Each structure stands twice: as structure tokens, then as C-alpha cells.
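Asker: Structure provided below as C-alpha cells; questions to follow.
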Amino acid sequence: MCTDVQALVAAIRSLAVRGAPLLGLAGAYGVALAAARGYDVEEAAELLARARPTAVNLEYGVRRAAAAYREAGVEQGPAAALAEARALHAEDAAASTSMAGHGARLLAELVPGGGYRILTHCNTGALVSGGEGTALAVVQAVHRTGELRRLWVDETRPLLQGARLTAYEAARAEMPYTLLADNAAGSLFAAGEVDAVLVGADRIAADGSTANKVGSYPLAVLARHHGIPFVVVAPVTTVDLATPDGASIEVEQRAGSEVTDLAPSPLGAQAYNPAFDVTPPDLITAIVTENGVVSPVTAEALAAVCGA
């Protein structure tokens, strides 16, 4: 339990709290917590917003709650910040439901005949959202209709969010799922066992370039080679129109120990451990948002779905 801002920041940095939509909620509730505890709200907001650099939803949630606090004034500010956080929570749940519907309809167009075999990466379900999630909410929707033949779950190195979290959510929902090592995905494509790839996003640049958990870009390359749809599912709050392209996205570098300590490594071994990689828009079949589907992925279409 996080009872102060410092504990919440530590939870965010350690990935105890993670996932783009949930980070937005955590940021907003963190501002409300700071206000309720009598902290310097502006200072707390900056600390929260900087906790993880790539996930744009975190800063969005922080800024929204902080703005509500400032507008209401010191006396009414704590209540206003909390109300704004709760409003964002409700909006995220509604967005999840809408994305699930849009995504399920898109799958029916992309993969006629149903019986979907879907490959997913990292964790994008209810554990990262105020609702049922992003990409996994789409999977849940087709599962409820009996159209999910198999969910392939990348274990997602090095912190195993797929093995620890997505597999848990799939089992709880009684989905037919199979866990695989990340580097086994290529053999699945080659064997013709994948109908679509569905992933989430932590930041989508104005041109449609998408930062997601490291390992997503290789899946997009494999999907293109094998003629398989690669679909990103994310709310419009994950779209950052102020970031022009993928090269402008700051990619968080994690501690090397997350790699070297996963299995015994030689003392002093160095590790390359980016938290995310970036998939260019030409490898993305569609971006599914609560406001509709962007396909083909262009800057103009993305701006339009965001209401810009």
C-alpha cells in the first residue's frame, strides 16, 4: 500500500505499478494523495511525472489532477484533485470497453472466419487499466463470443510480465492460452499458427510510431514478413502529438541487473536493458482507440481520431 508520494514513486519505478493507462490513474491519484497529505502539490506532481519517462499517460494523469487542484484553490484543491482522478478512472474504464468493441470488429474484418489465434506481448489487461485493459480487452471480447481459438502469450523478458500477469489473467478468464519464450515467436509465425498480433502502447508519436515493451518491434517485423496483421490497442491519452516521430521518443533504460540476475551471469557482466522499443507506423496494420480505428496509420488520421 502506498501511503505517501515517495512510496508511490518507488512503486512506479520498480514496476510494481505499471501499464500505460494505470500509470495515468496512479499519477492522478498520486496528486490527490499529495494534496490530502498536505504536501507541496507542485513538487509532488513533478516527482510523479518524472518517475518513468516513456509512458505519456503518467504525465497526463498528473497534469490533469494538478490542474484541477490549482483551479479549485488550496481549501477545495484536495477534493477537486480526487474528483478529477476518479473521473479519469471512469473515462479509462469506458475507453477500455470501446476499444474492445472496435478491436473485435476489426479482427472480424482482418481475419474472416473467426477462430482467432492471437499473439500478445507484455501485459495489457485489467491489471493495467480502470477497465479490462487495452489489447487484452479485445482478446476478452472475442473470447466471450467463442471466437478465441488460442492466445499465445510471450513471457516478456526480462521481468516476465506475460508469464506472471497475462497468463494469470488468461487463466482467470478461462481463455485457451499457451505461454512461450519470446524468441519462440518466430517459429509460431513460420508454422502458420498466428492470425494476428495485438499489443498495447506506452507512447504513440504524432506519426504513429509506437513505443511498447521491448520485443514488440521484432514481432512487427515478423508479422510483416508473414503477412499477419499487427495491431496496437491504446487510448487516445497514449497518443502524444507533441512528439513528432519515433526517434523523438525517450526510451527508458532499466538497470542491467534485471537481465544479469535473471540467471547467473559472470561477475561484472554488462547488460543492455531498454524497457521499450519503437515500431514505425509502416509496420502497424492499425491503431485501435476508443474513438475508432486508424488504418492505414498516418499522422493525419491519428490526429483526427484524437480530435486535433
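Within each chain, counting starts at residue 1; across the C-alpha cells, chains are named A, B, ... in the order shown, with ligands numbered 1 upward in that order.
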What's the 12 Å shell around region 4-13 of chain A, counting only C-alpha atoms, without same-chain residues fewer than 6 positions away, as JSON, numbers by chain?

Answerer: {"A": [19, 20, 22, 23, 24, 25, 26, 27, 28, 29, 30, 31, 32, 33, 34, 35, 36, 37, 38, 39, 40, 41, 43, 44, 45, 46, 47, 48, 49, 50, 51, 52, 53, 54, 55, 58, 252, 253, 254, 255, 275]}

Asker: Any chance you could list, as a PyMOL selection string, the residues in region 208-241 of chain A that come up alpha helix (DSSP H) when DSSP is run on the backbone?

Answerer: chain A and resi 216-226

Asker: May I have the selected residues written with N, CA, C and O atoms, as an mmCIF file, in the first residue's frame?

Answerer:
data_model
loop_
_atom_site.group_PDB
_atom_site.id
_atom_site.type_symbol
_atom_site.label_atom_id
_atom_site.label_comp_id
_atom_site.auth_asym_id
_atom_site.auth_seq_id
_atom_site.Cartn_x
_atom_site.Cartn_y
_atom_site.Cartn_z
ATOM 1 N N SER A 216 8.423 -5.833 -28.905
ATOM 2 C CA SER A 216 7.276 -5.596 -29.781
ATOM 3 C C SER A 216 7.720 -5.360 -31.229
ATOM 4 O O SER A 216 7.084 -5.859 -32.174
ATOM 5 N N TYR A 217 8.781 -4.598 -31.420
ATOM 6 C CA TYR A 217 9.263 -4.299 -32.771
ATOM 7 C C TYR A 217 9.625 -5.570 -33.546
ATOM 8 O O TYR A 217 9.215 -5.722 -34.717
ATOM 9 N N PRO A 218 10.364 -6.518 -32.957
ATOM 10 C CA PRO A 218 10.637 -7.754 -33.696
ATOM 11 C C PRO A 218 9.362 -8.498 -34.100
ATOM 12 O O PRO A 218 9.317 -9.102 -35.174
ATOM 13 N N LEU A 219 8.338 -8.452 -33.258
ATOM 14 C CA LEU A 219 7.070 -9.090 -33.620
ATOM 15 C C LEU A 219 6.443 -8.414 -34.833
ATOM 16 O O LEU A 219 5.858 -9.076 -35.697
ATOM 17 N N ALA A 220 6.558 -7.075 -34.904
ATOM 18 C CA ALA A 220 6.013 -6.347 -36.045
ATOM 19 C C ALA A 220 6.750 -6.729 -37.329
ATOM 20 O O ALA A 220 6.131 -6.870 -38.399
ATOM 21 N N VAL A 221 8.062 -6.893 -37.241
ATOM 22 C CA VAL A 221 8.851 -7.293 -38.407
ATOM 23 C C VAL A 221 8.451 -8.700 -38.844
ATOM 24 O O VAL A 221 8.251 -8.976 -40.038
ATOM 25 N N LEU A 222 8.319 -9.604 -37.880
ATOM 26 C CA LEU A 222 7.896 -10.970 -38.196
ATOM 27 C C LEU A 222 6.497 -10.980 -38.814
ATOM 28 O O LEU A 222 6.234 -11.698 -39.782
ATOM 29 N N ALA A 223 5.604 -10.195 -38.236
ATOM 30 C CA ALA A 223 4.233 -10.150 -38.744
ATOM 31 C C ALA A 223 4.211 -9.656 -40.191
ATOM 32 O O ALA A 223 3.504 -10.216 -41.034
ATOM 33 N N ARG A 224 4.992 -8.612 -40.501
ATOM 34 C CA ARG A 224 5.025 -8.097 -41.862
ATOM 35 C C ARG A 224 5.565 -9.161 -42.826
ATOM 36 O O ARG A 224 5.031 -9.366 -43.923
ATOM 37 N N HIS A 225 6.627 -9.834 -42.422
ATOM 38 C CA HIS A 225 7.228 -10.859 -43.285
ATOM 39 C C HIS A 225 6.240 -11.976 -43.599
ATOM 40 O O HIS A 225 6.207 -12.498 -44.722
ATOM 41 N N HIS A 226 5.416 -12.328 -42.617
ATOM 42 C CA HIS A 226 4.483 -13.448 -42.783
ATOM 43 C C HIS A 226 3.073 -13.012 -43.175
ATOM 44 O O HIS A 226 2.172 -13.853 -43.252
#

Asker: Let me make sure I understand: among A:Val142, A:Ala303, A:Leu148, A:Ile118, which one has the smallest atom-to-atom distance to Asp195 (chain A) if we use only C-alpha atoms?

Answerer: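 When distances to Asp195 (chain A) are compared using only C-alpha atoms, the smallest one comes from A:Ile118.
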
Asker: List every residue of region 126-286 of chain A that DSSP, applied to the backbone of this structure, places in strand (DSSP E or B), and write the result as a VMD selection string.

Answerer: chain A and resid 148 to 154 177 to 180 196 to 199 203 to 205 210 to 213 230 to 233 239 to 240 253 274 276 to 279 286
